[in-house]
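Chemist: Input protein03.txt, format and content: compact mmCIF, C-alpha atoms and all ligand atoms.
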```txt
# COMPACT_ATOMS: atom_id res chain seq x y z
CA MET A 1 -36.81 137.85 29.89
CA ARG A 2 -37.10 140.49 27.22
CA HIS A 3 -40.72 141.39 26.54
CA PRO A 4 -42.14 142.59 23.22
CA PHE A 5 -42.89 146.20 24.19
CA CYS A 6 -39.81 147.28 26.15
CA HIS A 7 -38.71 150.89 25.75
CA PRO A 8 -35.09 152.10 25.61
CA LEU A 9 -35.70 154.65 28.40
CA LEU A 10 -37.33 152.12 30.75
CA PRO A 11 -36.41 148.99 32.71
CA ASP A 12 -37.42 145.71 31.08
CA ALA A 13 -40.06 145.14 33.77
CA ILE A 14 -42.14 147.99 32.28
CA GLN A 15 -43.78 147.76 28.87
CA VAL A 16 -45.64 150.66 27.31
CA LEU A 17 -48.30 149.86 24.73
CA GLU A 18 -48.37 153.22 23.01
CA ARG A 19 -51.81 153.82 21.56
CA GLY A 20 -53.41 156.58 19.51
CA TRP A 21 -55.50 159.43 20.92
CA LEU A 22 -58.75 157.48 21.18
CA SER A 23 -57.12 155.08 23.65
CA SER A 24 -54.71 155.91 26.43
CA ASN A 25 -51.40 154.09 26.67
CA ASN A 26 -51.43 150.78 28.54
CA ILE A 27 -48.47 150.34 30.88
CA VAL A 28 -47.83 146.68 31.58
CA PHE A 29 -45.94 145.02 34.42
CA ALA A 30 -46.01 141.48 33.05
CA ALA A 31 -43.50 139.72 35.29
CA ASP A 32 -45.08 140.78 38.60
CA GLU A 33 -46.58 138.20 40.92
CA VAL A 34 -49.85 139.92 40.09
CA PRO A 35 -49.41 140.98 36.44
CA THR A 36 -50.76 144.51 36.24
CA VAL A 37 -51.80 147.03 33.60
CA VAL A 38 -52.17 150.76 34.18
CA ASP A 39 -55.15 152.10 32.16
CA THR A 40 -57.12 150.12 29.60
CA GLY A 41 -57.93 152.29 26.56
CA TYR A 42 -61.21 153.10 24.83
CA VAL A 43 -64.01 150.58 24.41
CA THR A 44 -64.03 150.55 20.60
CA HIS A 45 -60.36 149.49 20.71
CA ALA A 46 -60.94 146.76 23.29
CA ASP A 47 -60.12 143.91 20.90
CA THR A 48 -56.77 145.49 20.02
CA THR A 49 -56.11 146.17 23.71
CA LEU A 50 -56.65 142.50 24.52
CA THR A 51 -54.44 141.32 21.66
CA LEU A 52 -51.58 143.69 22.56
CA LEU A 53 -51.92 142.89 26.24
CA GLN A 54 -51.77 139.15 25.62
CA GLN A 55 -48.56 139.67 23.64
CA ALA A 56 -47.10 141.78 26.44
CA LEU A 57 -48.11 139.23 29.09
CA THR A 58 -46.63 136.34 27.06
CA GLY A 59 -49.33 133.96 28.22
CA ARG A 60 -49.60 135.07 31.86
CA PRO A 61 -53.05 136.06 33.10
CA LEU A 62 -53.69 139.72 33.93
CA GLY A 63 -54.24 140.02 37.69
CA ARG A 64 -54.94 143.68 38.21
CA ILE A 65 -56.01 146.90 36.50
CA LEU A 66 -54.93 150.23 37.96
CA ASN A 67 -56.75 153.30 36.61
CA THR A 68 -55.11 156.72 36.87
CA HIS A 69 -58.58 158.17 36.33
CA LEU A 70 -61.85 157.03 34.87
CA HIS A 71 -62.13 158.92 31.59
CA SER A 72 -63.46 156.69 28.84
CA ASP A 73 -60.11 156.50 27.03
CA HIS A 74 -58.40 155.21 30.20
CA ALA A 75 -61.07 152.88 31.63
CA GLY A 76 -62.97 151.78 28.51
CA GLY A 77 -61.30 148.36 28.49
CA ASN A 78 -61.96 147.63 32.19
CA ALA A 79 -65.19 145.67 31.68
CA MET A 80 -63.80 143.53 28.87
CA LEU A 81 -60.52 142.77 30.66
CA THR A 82 -62.20 141.85 33.96
CA ALA A 83 -64.62 139.59 32.07
CA HIS A 84 -61.73 137.96 30.22
CA PHE A 85 -59.19 137.58 33.03
CA GLY A 86 -61.28 137.87 36.21
CA CYS A 87 -58.73 140.46 37.37
CA GLU A 88 -59.09 143.10 40.09
CA THR A 89 -59.67 146.79 39.38
CA TRP A 90 -58.12 149.53 41.51
CA ILE A 91 -59.32 153.11 41.04
CA PRO A 92 -58.63 156.50 42.65
CA PRO A 93 -61.01 157.15 45.56
CA GLY A 94 -62.46 160.40 44.19
CA ASP A 95 -64.94 158.76 41.82
CA ALA A 96 -65.49 155.49 43.69
CA ALA A 97 -69.00 156.36 44.89
CA LEU A 98 -70.01 157.27 41.32
CA VAL A 99 -68.73 153.90 40.09
CA ASP A 100 -70.64 152.07 42.84
CA THR A 101 -73.92 153.56 41.61
CA TRP A 102 -72.72 153.89 37.99
CA ASP A 103 -73.77 157.54 37.85
CA GLU A 104 -73.31 158.29 34.13
CA ASP A 105 -74.33 161.91 34.62
CA ARG A 106 -71.58 162.62 37.10
CA LEU A 107 -69.03 160.27 35.61
CA SER A 108 -67.94 162.10 32.46
CA TYR A 109 -69.45 159.81 29.84
CA ARG A 110 -72.78 161.42 29.06
CA ARG A 111 -71.62 165.00 28.69
CA THR A 112 -68.67 163.94 26.52
CA GLY A 113 -70.82 161.72 24.31
CA GLN A 114 -68.35 158.91 24.98
CA GLN A 115 -68.98 155.29 25.87
CA CYS A 116 -67.63 153.34 28.80
CA PRO A 117 -69.09 149.93 29.69
CA PRO A 118 -69.87 149.73 33.43
CA PHE A 119 -67.23 148.14 35.63
CA ARG A 120 -66.72 147.57 39.34
CA HIS A 121 -63.79 148.25 41.60
CA ASP A 122 -62.06 146.07 44.16
CA ALA A 123 -59.66 148.48 45.82
CA LEU A 124 -58.71 152.16 45.96
CA LEU A 125 -55.51 153.88 44.92
CA GLN A 126 -55.33 156.18 47.92
CA PRO A 127 -53.08 159.21 47.39
CA HIS A 128 -49.76 158.83 49.23
CA SER A 129 -50.15 155.06 49.51
CA VAL A 130 -47.53 152.82 47.91
CA VAL A 131 -48.08 150.09 45.32
CA SER A 132 -45.48 147.60 44.17
CA LEU A 133 -44.96 147.39 40.41
CA GLY A 134 -42.09 145.83 38.52
CA GLY A 135 -40.29 145.10 41.80
CA GLU A 136 -40.29 148.79 42.79
CA ASP A 137 -42.30 150.94 45.16
CA TRP A 138 -44.53 153.50 43.47
CA THR A 139 -46.22 156.29 45.43
CA VAL A 140 -49.72 157.28 44.42
CA LEU A 141 -49.78 161.08 43.99
CA PRO A 142 -52.82 163.33 43.62
CA ALA A 143 -52.94 165.15 40.27
CA MET A 144 -55.75 167.69 40.29
CA GLY A 145 -56.48 169.87 37.26
CA HIS A 146 -57.50 167.78 34.24
CA ASP A 147 -59.65 165.61 36.50
CA HIS A 148 -59.64 166.34 40.21
CA ALA A 149 -59.87 162.62 41.03
CA MET A 150 -56.84 161.69 38.90
CA VAL A 151 -53.66 160.20 40.35
CA MET A 152 -50.11 159.73 39.06
CA LEU A 153 -47.65 157.00 40.04
CA TRP A 154 -44.13 157.93 41.11
CA CYS A 155 -41.13 155.63 41.50
CA GLU A 156 -38.65 157.69 43.51
CA ARG A 157 -35.77 155.22 43.27
CA LEU A 158 -35.75 155.18 39.48
CA GLY A 159 -37.10 158.69 38.93
CA LEU A 160 -40.02 157.39 36.86
CA LEU A 161 -43.37 159.16 36.68
CA ILE A 162 -46.57 157.74 35.21
CA SER A 163 -48.15 161.13 34.59
CA ALA A 164 -51.56 160.17 33.14
CA ASP A 165 -53.07 163.30 31.53
CA ALA A 166 -51.31 165.78 33.84
CA LEU A 167 -48.28 166.10 31.57
CA TRP A 168 -47.69 164.95 28.01
CA GLN A 169 -44.67 165.75 25.90
CA LYS A 170 -46.86 168.39 24.28
CA GLY A 171 -49.36 169.76 26.77
CA PHE A 172 -51.86 168.10 29.09
CA GLY A 173 -55.53 167.14 29.15
CA VAL A 174 -58.43 169.59 28.98
CA ILE A 175 -59.10 171.26 32.34
CA PHE A 176 -62.57 169.70 32.64
CA PRO A 177 -63.53 170.99 36.13
CA GLU A 178 -63.49 174.59 34.84
CA LEU A 179 -66.21 173.68 32.34
CA GLU A 180 -68.41 172.68 35.24
CA GLY A 181 -67.66 175.92 37.05
CA ILE A 182 -65.18 174.28 39.44
CA PRO A 183 -61.70 175.87 39.68
CA GLY A 184 -59.05 173.81 37.92
CA PHE A 185 -56.36 176.07 36.44
CA ALA A 186 -54.54 176.69 39.75
CA GLU A 187 -54.82 172.99 40.59
CA GLN A 188 -53.23 172.02 37.27
CA ALA A 189 -50.46 174.57 37.87
CA ALA A 190 -49.87 173.02 41.32
CA THR A 191 -49.69 169.55 39.78
CA LEU A 192 -47.06 170.83 37.32
CA ASP A 193 -45.15 172.33 40.28
CA LEU A 194 -45.26 168.96 42.02
CA ILE A 195 -43.86 167.26 38.92
CA GLY A 196 -41.15 169.91 38.78
CA GLN A 197 -40.17 169.18 42.38
CA LEU A 198 -40.00 165.45 41.70
CA GLN A 199 -37.55 166.05 38.83
CA PRO A 200 -38.43 162.83 37.00
CA SER A 201 -35.77 161.32 34.79
CA VAL A 202 -38.43 159.71 32.59
CA VAL A 203 -42.13 160.49 32.17
CA ILE A 204 -44.55 157.83 30.92
CA PRO A 205 -47.53 159.92 29.77
CA GLY A 206 -51.11 158.81 29.28
CA HIS A 207 -50.77 159.51 25.56
CA GLY A 208 -47.66 159.53 23.38
CA ALA A 209 -44.22 158.04 23.86
CA PRO A 210 -42.22 158.09 27.11
CA PHE A 211 -39.76 161.00 27.25
CA GLY A 212 -36.70 161.59 29.36
CA GLU A 213 -34.61 164.34 30.89
CA HIS A 214 -31.41 162.97 29.28
CA ASP A 215 -32.12 165.29 26.35
CA GLY A 216 -34.01 167.94 28.33
CA ALA A 217 -37.43 166.74 27.15
CA VAL A 218 -39.00 166.66 30.64
CA SER A 219 -37.91 170.23 31.47
CA ALA A 220 -39.07 171.40 28.04
CA ALA A 221 -42.47 169.73 28.43
CA LEU A 222 -42.91 171.26 31.90
CA ALA A 223 -41.95 174.74 30.74
CA ALA A 224 -44.38 174.55 27.81
CA ALA A 225 -47.14 173.18 30.06
CA ARG A 226 -46.62 175.97 32.59
CA SER A 227 -46.92 178.65 29.95
CA ARG A 228 -49.98 176.91 28.51
CA ILE A 229 -51.84 176.76 31.83
CA GLN A 230 -51.06 180.46 32.33
CA TRP A 231 -52.43 181.25 28.84
CA LEU A 232 -55.59 179.17 29.43
CA SER A 233 -56.27 180.70 32.84
CA GLU A 234 -56.11 184.23 31.43
CA GLU A 235 -59.18 183.57 29.25
CA PRO A 236 -61.44 180.62 30.20
CA ARG A 237 -62.98 180.59 26.72
CA ARG A 238 -59.65 179.21 25.48
CA ASN A 239 -60.05 176.10 27.64
CA ALA A 240 -63.67 175.71 26.55
CA ASP A 241 -62.76 176.07 22.85
CA ASN A 242 -60.03 173.49 23.33
CA ALA A 243 -62.44 171.17 25.14
CA LEU A 244 -65.01 171.34 22.33
CA LYS A 245 -62.34 170.80 19.71
CA VAL A 246 -60.92 167.79 21.59
CA LEU A 247 -64.36 166.28 22.27
CA LEU A 248 -65.52 166.69 18.68
CA ALA A 249 -62.24 165.36 17.26
CA PHE A 250 -62.45 162.38 19.64
CA LYS A 251 -66.02 161.58 18.59
CA LEU A 252 -65.11 161.99 14.93
CA LEU A 253 -62.26 159.50 15.34
CA GLU A 254 -64.78 157.08 16.81
CA ALA A 255 -67.59 157.72 14.30
CA GLN A 256 -65.30 158.49 11.30
CA ARG A 257 -68.02 160.72 9.77
CA MET A 258 -70.36 163.22 11.42
CA THR A 259 -72.97 165.63 10.11
CA LEU A 260 -73.21 169.20 11.39
CA ASP A 261 -76.40 168.17 13.23
CA GLU A 262 -74.50 165.42 15.02
CA LEU A 263 -71.73 167.86 15.93
CA ALA A 264 -74.36 170.29 17.23
CA ALA A 265 -75.94 167.55 19.35
CA LEU A 266 -72.57 166.89 20.95
CA VAL A 267 -72.06 170.60 21.62
CA GLN A 268 -75.52 170.65 23.24
CA ALA A 269 -74.64 167.63 25.42
CA SER A 270 -71.49 169.46 26.52
CA PHE A 271 -73.54 172.52 27.48
CA ASP A 272 -76.13 170.39 29.30
CA GLY A 273 -73.44 168.71 31.38
CA ASN A 274 -71.22 171.75 31.89
CA PRO A 275 -73.15 174.78 33.14
CA ALA A 276 -70.12 177.09 32.99
CA MET A 277 -69.73 176.49 29.26
CA ARG A 278 -73.06 177.83 28.09
CA ASP A 279 -72.30 181.33 29.35
CA LEU A 280 -69.11 181.47 27.31
CA TYR A 281 -70.86 181.03 23.96
CA PRO A 282 -73.32 183.55 22.57
CA ALA A 283 -74.02 181.45 19.45
CA ASP A 284 -76.41 178.51 19.38
CA PRO A 285 -75.00 174.94 19.25
CA GLN A 286 -75.62 174.80 15.48
CA GLY A 287 -73.49 177.89 14.91
CA ILE A 288 -70.78 176.62 17.23
CA ALA A 289 -70.78 173.25 15.47
CA ALA A 290 -70.26 175.00 12.11
CA PHE A 291 -67.41 177.06 13.57
CA MET A 292 -65.82 173.98 15.17
CA ALA A 293 -66.12 172.00 11.94
CA ASP A 294 -64.06 174.72 10.22
CA GLU A 295 -61.58 174.61 13.11
CA LEU A 296 -61.18 170.83 12.84
CA VAL A 297 -60.52 171.16 9.10
CA ARG A 298 -58.05 173.99 9.75
CA VAL A 299 -56.01 171.89 12.22
CA ARG A 300 -56.29 168.86 9.91
CA ALA A 301 -58.33 166.81 12.38
CA ALA A 302 -61.05 166.48 9.72
CA THR A 303 -61.82 166.96 6.07
CA ARG A 304 -65.04 168.40 4.69
CA ASP A 305 -67.63 166.38 2.75
CA GLY A 306 -70.59 168.63 2.02
CA GLU A 307 -72.62 168.98 5.23
CA ALA A 308 -70.45 166.45 7.05
CA VAL A 309 -66.92 166.20 8.39
CA VAL A 310 -64.84 163.07 7.94
CA ALA A 311 -61.92 161.78 10.00
CA PRO A 312 -58.64 162.32 8.13
ZN ZN A 401 -58.33 162.10 30.88
```
Translate this structure into structure tokens?
Ligand SMILES: [Zn+2]

Modeler:
Amino acid sequence: MRHPFCHPLLPDAIQVLERGWLSSNNIVFAADEVPTVVDTGYVTHADTTLTLLQQALTGRPLGRILNTHLHSDHAGGNAMLTAHFGCETWIPPGDAALVDTWDEDRLSYRRTGQQCPPFRHDALLQPHSVVSLGGEDWTVLPAMGHDHAMVMLWCERLGLLISADALWQKGFGVIFPELEGIPGFAEQAATLDLIGQLQPSVVIPGHGAPFGEHDGAVSAALAAARSRIQWLSEEPRRNADNALKVLLAFKLLEAQRMTLDELAALVQASFDGNPAMRDLYPADPQGIAAFMADELVRVRAATRDGEAVVAP
């Protein structure tokens, strides 16, 4: 049957619930024996996630969550969905031990100032293993760079790639390991090389609409991403600036209004959790917050209201 969220570039068995930037996309395989969703969005959008998912599932119960990685915008709905459906949760192995002990310091949530209700996992998405989705085999592929534990899902027969935050139509996720002093630029470049070798006909990204090679969009996205990773790796401060901008814009979307003190507290939390960042910034968190507030206004991610910034 035709489901509500089918996409012209994709088989009917795959539905993409395209979300904003606070929540990742949710990719739904509703007709499977075990109805499955890939990634679950951010916690403050959990009600919307459930509503959209119920429409996509047309009354069937969700059986399984697969997480490409455990950032709060991809796993924030896990706890709610498992409570609601009693479904299983499969995660990449890299962060499994941190989930077992719910280590908020080493999971990304504390240093990003983001929320993610604790969840458990039932199985691991081991790289190079195969999962069945929508009647097709999908290979789990490692995707280091943005998050060294992240995986992508690749359907060779149909040329479909679920790329998570390794490749969007415009760019890719912040290279977070570099902020902790762990190499990540070369790893991201290698992940882009891997995608290039796969030659996907359609990419389903973690954020934004699916895009295809029929009009050259996959090649164009890869070329732009390759030049961007080169540009970032030439000056690590660029990645750190981008990270702060993204983190502050994300928090502002959640909070809608933030004072400069609140922005500075988030900058401080970033420094506390990311030792390599502090060395890159001579100014104090207050000064950086003021600079970043101007940046957010400049790129239209915020407007100014006296001592505060407001989501646009
Ligand atoms: Zn991410």

Chemist: In Å, how far is it from CA of Leu57 in chain A to CA of Pro127 in chain A?

Modeler: 27.5 Å

Chemist: Which residue out of A:Ser201, A:Ser24, A:Thr36, A:Gln126 has the minimum interatomic distance to Gly173 in chain A when all atoms listed in the file are used?

Modeler: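 Checking each of A:Ser201, A:Ser24, A:Thr36, A:Gln126 against Gly173 in chain A, counting all atoms listed in the file, the winner is A:Ser24.
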
Chemist: Within 7 Å of ligand ZN 401 (chain A), which residues of chain A show up? Give each one with its shortest atom-to-atom distance in Å (one decimal) and the two atoms involved, counting only C-alpha atoms and all ligand atoms, rows by chain then rising residue number, as a Markdown table.

Modeler:
```
| residue | atom | partner | partner_atom | distance |
| --- | --- | --- | --- | --- |
| A:His69 | CA | A:ZN401 | ZN | 6.7 |
| A:His71 | CA | A:ZN401 | ZN | 5.0 |
| A:His74 | CA | A:ZN401 | ZN | 6.9 |
| A:His146 | CA | A:ZN401 | ZN | 6.7 |
| A:Asp147 | CA | A:ZN401 | ZN | 6.8 |
| A:Asp165 | CA | A:ZN401 | ZN | 5.4 |
| A:Gly173 | CA | A:ZN401 | ZN | 6.0 |
```

Chemist: Select from range 13-114 of chain A every residue with an atom at most 12 Å from any atom of range 254-259 of chain A, then for each give the shortest pair of atoms and their distance in Å to one decimal, using only C-alpha atoms, rows by chain and rising number, as a tab-separated table.

Modeler:
```
residue	atom	partner	partner_atom	distance
A:Gly20	CA	A:Glu254	CA	11.7
A:Trp21	CA	A:Glu254	CA	10.4
A:Leu22	CA	A:Glu254	CA	7.5
A:Ser23	CA	A:Glu254	CA	10.5
A:Tyr42	CA	A:Glu254	CA	9.6
A:Val43	CA	A:Glu254	CA	10.0
A:Thr44	CA	A:Glu254	CA	7.6
A:His45	CA	A:Glu254	CA	9.6
A:Asp73	CA	A:Glu254	CA	11.3
A:Gly113	CA	A:Glu254	CA	10.7
A:Gln114	CA	A:Glu254	CA	9.1
```

Chemist: Any idea what's packed within 12 Å of His7 in chain A, counting all atoms listed in the file, ignoring anything in its chain fewer than 4 positions away? Could you give it as a list of chain:residue names?

Modeler: A:Arg2, A:His3, A:Pro11, A:Asp12, A:Ala13, A:Ile14, A:Gln15, A:Val16, A:Leu17, A:Glu18, A:Ile27, A:Val28, A:Val202, A:Ile204, A:Ala209, A:Pro210, A:Phe211, A:Gly212

Chemist: Can you write just those residues out, C-alpha atoms, as a PDB file, keeping the file's coordinate frame?

Modeler:
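After the write, selection23.pdb holds the following:
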```
ATOM      1  CA  ARG A   2     -37.100 140.490  27.220  1.00  0.00           C
ATOM      2  CA  HIS A   3     -40.720 141.390  26.540  1.00  0.00           C
ATOM      3  CA  PRO A  11     -36.410 148.990  32.710  1.00  0.00           C
ATOM      4  CA  ASP A  12     -37.420 145.710  31.080  1.00  0.00           C
ATOM      5  CA  ALA A  13     -40.060 145.140  33.770  1.00  0.00           C
ATOM      6  CA  ILE A  14     -42.140 147.990  32.280  1.00  0.00           C
ATOM      7  CA  GLN A  15     -43.780 147.760  28.870  1.00  0.00           C
ATOM      8  CA  VAL A  16     -45.640 150.660  27.310  1.00  0.00           C
ATOM      9  CA  LEU A  17     -48.300 149.860  24.730  1.00  0.00           C
ATOM     10  CA  GLU A  18     -48.370 153.220  23.010  1.00  0.00           C
ATOM     11  CA  ILE A  27     -48.470 150.340  30.880  1.00  0.00           C
ATOM     12  CA  VAL A  28     -47.830 146.680  31.580  1.00  0.00           C
ATOM     13  CA  VAL A 202     -38.430 159.710  32.590  1.00  0.00           C
ATOM     14  CA  ILE A 204     -44.550 157.830  30.920  1.00  0.00           C
ATOM     15  CA  ALA A 209     -44.220 158.040  23.860  1.00  0.00           C
ATOM     16  CA  PRO A 210     -42.220 158.090  27.110  1.00  0.00           C
ATOM     17  CA  PHE A 211     -39.760 161.000  27.250  1.00  0.00           C
ATOM     18  CA  GLY A 212     -36.700 161.590  29.360  1.00  0.00           C
TER      19      GLY A 212
END
```

Chemist: For Leu167 in chain A, which residue out of A:Asn239, A:Gln188, A:Thr40, A:Thr139 is the nearest one, using only C-alpha atoms?

Modeler: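 Looking at the shortest contact to Leu167 in chain A, the residue is A:Gln188.
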
Chemist: Nearest to Lys245 in chain A: which of A:Glu295, A:Ala290, A:Val34, A:Ser227 is it, counting only C-alpha atoms?

Modeler: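 Among the listed residues, the smallest separation from Lys245 in chain A belongs to A:Glu295.
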
Chemist: If you count all atoms listed in the file, which residues fall within 7 Å of Ala189 in chain A, apart from same-chain ones fewer than 3 positions away, as a PyMOL selection string?

Modeler: chain A and resi 185-186+192-193+226+229
